[in-house]
Amino acid sequence: MMFDRRKEQLIAKIQSFCEAKGLPIQKAELRNIPFSGEWGVALPFFPLAAADRDRSGSVPQHAQALAEALKAELGIPEGFSRLEAVNGYLNLYFSTSEYAKEVVTSVLNESNRYGSRPGSGKPTMIEYSNPNTHKPLHVGHLRNVILGGAVSNLLEASGKPVVRVNYIGDIGLHVIKWMCNYEMYHAGEEPAADKMRWMADLYAEADKRFSEDPAFEHAVRAYFARWDGGEQHLKDLWLLTRAWSMEGFEQVYDLLGEHFDHIYFESEVEEPGKLLVEDLIKSGLAEDGRPENPVIIDLDKKLGTKEEYRVAVILRSDGTSLYATKEIPLAIMKFSDYELDESIYVIDVRQSLHMKQMKKVLELMGYEWAPRMRHLAYEIVNLPGNVTMSSRDGTVVLLDDLIREATERALAIVREKNPSLSEAETREVALEVALGAIKYPMISRENTKIVTFDWETALDFNGQSAPYIQYAHVRANSILTKAGGRKPERFDFDYDLQPSEINLIEMISHFPVEVERAAKELKPSLIATYAYDLAKSFSDFYNQCQVINASAEIRGARLALVDAARITIKNALKLIGIKAPRIM
RNA sequence: GUUCCCGUGGCCUAAUGGAUAAGGCACUGGCCUCCGAAGCCAGUCAUGUGAGUUCGAAUCUCACCGGGAACACCA
């Protein structure tokens, strides 16, 4: 980039200025100017002033004096329009036309690659979604899927290959309940077209019977014993119904635009887990308390820590497996299946201690990669009044219901706002808008903050929301279409740029930096916020600057800018799993 | 009891240790003969408390207050 080179030249000059004055140059760092309307870089002189032994007066005063001194020394470097020493900062403003052209040109050239870099190196594995078969998905699962998917996208965009994996809970009491209920009351029935829904309804029915009908509970226990006995008929039924459930999940993942590279099943790590526990007992790491007590690893005792790692329970006293039993072989399997740089777990914050224990256990077992396991902890989704979602208490919002409700609402709005669309277009747009609207609040806040779900917010298509961003994209698209769809081959920003278009170009140019930061910190919320700010900048521009009706010399440049904005909005939305419709 | 997370206008959220704390919702009043009003413009209102570090703190440290979570056989 031309401006990178100019910056380097500038930094060299600043360095010689600092050396001449005996100032610690390592403390000189360029940053963005917070005000809009013009662009450039700012150099704060406070650290230099504080370190200067020849300082006269207060630090801010001296910073201002230094800024002025450097300003006088630099004159006006090539590529800059003016310099300004104010409030202890030296602000260096770029020549607008060159900078604008450079930004817009590179966005148009890179198009849908703008903001991403090619991948290289060892892959990072990201485990997320992790649903239980035979059970419905609720909005808590949605946050996990959206977050995991977005983090995967971000890492990919920042140049890391990614392996997306899903760890499916395909065994346990919930499965037995479902199958027992099915055999007793729905034997031979086939799933409805909406498999997710059908499975969920039967699960709710089974769960209700289980808690209300002692006879059914009895039947389930007996059924479980037959399962443990390895009865072939039950195995066949399990495989069949699990496949139904997986097909249901696939339907939902397709709808959400998610995919996985590898599926791990709980059932495939259960036996290896039990074998590992025996090894751990033999090696002396684990203590076998059976038959009265479970098999444990007393981490605090082993490590000499106090109430930090606590006790990890790795096998029940009756010899049956626990979550932890299976987690250990799964972690090992991941690193042997792939040569991983990192193994990320997207799991809610309540499992932080458990994750910390697993990592430590694997470290004690001698796996060099254990430190490369990383828990991405996120907060749960609540209901108003700090009500935790629980299917047992019936305080749960099913994903299915939410998507249906949002789509219906979107459909009505699209019909009202844009009646000229065909039925097929209307449906497609409504779905994209509805999904965007329900995804956005899940991803736009920090991972560590609780999301409180309420229908009003989830179905609000105004304000800071995905539909607002999508709408900006649609309007940009609309201008380009009206202009004839042809892209100007040559354009220049040699005219007096309006503050709103300078601001828009500035926002567009920040995208790659935002992607890097979001990837590094595993924070998709930064991109969600950025996408909104970008859309807002575009709206400002849209309201203040004419494009199609502009004079010939301005028109080409503004069309190019609109196209660059359109591309950047679309790319940003894509990273957070939201589609950008052409029309709406 | 130990540990972790969160406290920013009436409500929800934003702000790589840096300049004037930024938006949304709600409320009030304006704007469709002008590239689409899911929009735009204008208005009122905020960093839990107290110390510390720093030239400079919403941000870092400590204490306290308030809310949530985890802590031996759920996942």
# chains A, B, ... in the order shown; residues from 1 in each chain; ligands from 1
>>> interface_residues(of="chain A", to="chain B", cutoff="8 Å", atoms="only C-alpha atoms (C1' of nucleotides)", output="number ranges by chain")
A: 34, 44, 46-47, 49-50, 58-60, 87, 293-294, 296, 307-308, 310-313, 315-317, 323, 349-353, 445, 448-449, 461-464, 467-468, 471, 475, 478-479, 482, 529, 543, 546-549
>>> residues_around(residues="segment 520-528 of chain A", least_positions_apart="5", cutoff="9 Å", atoms="only C-alpha atoms (C1' of nucleotides)", output="list of chain:residue names")
A:Leu147, A:Ala150, A:Val151, A:Leu154, A:Leu155, A:Ser158, A:Leu376, A:Tyr440, A:Met442, A:Ile443, A:Ser444, A:Arg445, A:Glu446, A:Asn447, A:Ala466, A:Phe511, A:Glu514, A:Val515, A:Asp533, A:Ala572, A:Leu573, A:Leu575, A:Ile576
>>> atom_distance(atom1="atom CA of Thr395 of chain A", atom2="atom CA of Asn382 of chain A")
9.6 Å
>>> closest_residue(among="A:Glu405, A:Tyr345, A:Tyr495, A:Val562", to="Ala472 of chain A", atoms="only C-alpha atoms")
A:Val562
>>> residues_around(residues="Arg226 of chain A", least_positions_apart="6", cutoff="12 Å", atoms="only C-alpha atoms (C1' of nucleotides)", output="MDAnalysis selection string")
chainID A and resid 176 180 219:220 232:235
>>> residues_around(residues="Tyr367 of chain A", least_positions_apart="3", cutoff="12 Å", atoms="only C-alpha atoms (C1' of nucleotides)", output="ChimeraX atom specification")
/A:328-329,331-333,335-336,358-364,370-373
>>> select_by_dssp(residues="segment 432-583 of chain A", states="helix (DSSP H, G or I)", output="ChimeraX atom specification")
/A:432-443,455-458,466-482,499-521,525-544,552-575
>>> write_last_selection(atoms="C-alpha atoms", output="short mmCIF file (atom, residue, chain, number, x, y, z; two decimals), in the first residue's frame")
data_model
loop_
_atom_site.label_atom_id
_atom_site.label_comp_id
_atom_site.auth_asym_id
_atom_site.auth_seq_id
_atom_site.Cartn_x
_atom_site.Cartn_y
_atom_site.Cartn_z
CA GLU A 432 -32.83 -13.89 5.10
CA VAL A 433 -34.14 -10.89 6.98
CA ALA A 434 -35.73 -13.01 9.71
CA LEU A 435 -32.59 -15.07 10.26
CA GLY A 436 -30.44 -11.96 10.31
CA ALA A 437 -32.73 -10.34 12.83
CA ILE A 438 -32.61 -13.23 15.26
CA LYS A 439 -28.89 -13.86 14.83
CA TYR A 440 -27.73 -10.30 15.29
CA PRO A 441 -28.61 -9.83 18.98
CA MET A 442 -26.91 -13.16 19.73
CA ILE A 443 -23.62 -12.01 18.30
CA TRP A 455 -39.70 -11.60 21.65
CA GLU A 456 -39.96 -7.88 21.15
CA THR A 457 -36.23 -7.43 20.58
CA ALA A 458 -35.89 -10.61 18.56
CA ALA A 466 -29.38 -6.91 10.94
CA PRO A 467 -32.26 -5.63 8.75
CA TYR A 468 -30.86 -2.10 9.05
CA ILE A 469 -27.50 -3.30 7.75
CA GLN A 470 -29.14 -5.42 5.06
CA TYR A 471 -31.20 -2.41 4.04
CA ALA A 472 -28.08 -0.31 3.53
CA HIS A 473 -26.71 -3.08 1.33
CA VAL A 474 -29.93 -3.16 -0.68
CA ARG A 475 -29.90 0.57 -1.26
CA ALA A 476 -26.28 0.48 -2.42
CA ASN A 477 -27.21 -2.30 -4.76
CA SER A 478 -30.19 -0.35 -5.97
CA ILE A 479 -28.05 2.64 -6.92
CA LEU A 480 -25.68 0.43 -8.89
CA THR A 481 -28.57 -1.23 -10.69
CA LYS A 482 -30.17 2.10 -11.55
CA PRO A 499 -17.42 14.76 5.19
CA SER A 500 -19.88 11.88 4.92
CA GLU A 501 -18.06 10.30 2.01
CA ILE A 502 -14.69 10.76 3.65
CA ASN A 503 -16.09 9.07 6.72
CA LEU A 504 -17.47 6.21 4.65
CA ILE A 505 -14.13 5.61 2.95
CA GLU A 506 -12.45 5.72 6.33
CA MET A 507 -14.85 3.07 7.67
CA ILE A 508 -14.36 0.86 4.63
CA SER A 509 -10.60 1.05 5.01
CA HIS A 510 -10.78 -0.18 8.62
CA PHE A 511 -12.39 -3.49 7.77
CA PRO A 512 -9.24 -5.65 7.47
CA VAL A 513 -7.90 -4.30 10.76
CA GLU A 514 -11.21 -5.06 12.49
CA VAL A 515 -11.16 -8.61 11.15
CA GLU A 516 -7.64 -9.15 12.48
CA ARG A 517 -8.53 -7.88 15.90
CA ALA A 518 -11.80 -9.79 16.12
CA ALA A 519 -10.01 -13.00 15.10
CA LYS A 520 -7.22 -12.48 17.58
CA GLU A 521 -9.61 -11.84 20.45
CA SER A 525 -19.19 -8.82 18.36
CA LEU A 526 -16.55 -6.42 17.05
CA ILE A 527 -17.61 -7.26 13.50
CA ALA A 528 -21.30 -7.01 14.37
CA THR A 529 -20.71 -3.51 15.71
CA TYR A 530 -18.48 -2.64 12.79
CA ALA A 531 -21.06 -3.79 10.24
CA TYR A 532 -23.65 -1.56 11.83
CA ASP A 533 -21.33 1.45 11.99
CA LEU A 534 -20.41 0.89 8.37
CA ALA A 535 -24.06 0.70 7.34
CA LYS A 536 -24.71 3.89 9.27
CA SER A 537 -21.83 5.63 7.51
CA PHE A 538 -23.31 4.52 4.23
CA SER A 539 -26.73 5.89 5.20
CA ASP A 540 -25.17 9.23 6.06
CA PHE A 541 -23.43 9.29 2.72
CA TYR A 542 -26.61 8.22 0.95
CA ASN A 543 -28.57 11.04 2.51
CA GLN A 544 -25.98 13.70 1.86
CA ALA A 552 -20.14 13.43 -14.68
CA GLU A 553 -16.73 13.78 -13.00
CA ILE A 554 -18.14 12.99 -9.54
CA ARG A 555 -20.55 10.26 -10.58
CA GLY A 556 -17.93 7.70 -11.52
CA ALA A 557 -16.05 8.05 -8.26
CA ARG A 558 -19.20 7.85 -6.17
CA LEU A 559 -20.44 4.81 -8.04
CA ALA A 560 -17.13 3.14 -7.30
CA LEU A 561 -17.47 4.14 -3.66
CA VAL A 562 -21.01 2.75 -3.47
CA ASP A 563 -19.76 -0.50 -4.91
CA ALA A 564 -16.92 -0.64 -2.39
CA ALA A 565 -19.38 -0.01 0.44
CA ARG A 566 -21.69 -2.70 -0.89
CA ILE A 567 -18.85 -5.22 -1.00
CA THR A 568 -17.60 -4.38 2.47
CA ILE A 569 -21.05 -4.55 4.07
CA LYS A 570 -21.66 -7.90 2.44
CA ASN A 571 -18.29 -9.30 3.51
CA ALA A 572 -18.75 -8.10 7.08
CA LEU A 573 -22.21 -9.64 7.34
CA LYS A 574 -20.94 -12.88 5.92
CA LEU A 575 -18.37 -13.19 8.68
#
>>> residues_around(residues="C45 of chain B", least_positions_apart="6", cutoff="12 Å", atoms="only C-alpha atoms (C1' of nucleotides)", output="list of chain:residue names")
B:G9, B:G10, B:C27
>>> write_last_selection(atoms="N, CA and C atoms (P, O5', C5', C4', C3', O3' and C1' of nucleotides)", output="compact mmCIF listing (two decimals), in the first residue's frame")
# COMPACT_ATOMS: atom_id res chain seq x y z
P G B 9 -26.65 3.64 33.32
O5' G B 9 -27.35 4.87 32.62
C5' G B 9 -28.73 5.14 32.81
C4' G B 9 -28.99 6.59 32.51
C3' G B 9 -30.41 6.88 32.02
O3' G B 9 -30.98 7.93 32.80
C1' G B 9 -28.82 7.79 30.52
P G B 10 -31.62 7.52 34.23
O5' G B 10 -32.90 6.69 33.77
C5' G B 10 -33.75 6.12 34.78
C4' G B 10 -34.74 5.21 34.12
C3' G B 10 -34.14 4.04 33.36
O3' G B 10 -33.89 2.94 34.20
C1' G B 10 -35.74 5.13 31.99
P C B 27 -42.77 5.13 22.22
O5' C B 27 -42.48 6.53 22.91
C5' C B 27 -42.90 6.77 24.24
C4' C B 27 -42.41 8.12 24.70
C3' C B 27 -42.66 9.28 23.74
O3' C B 27 -44.01 9.75 23.80
C1' C B 27 -40.45 9.41 24.54
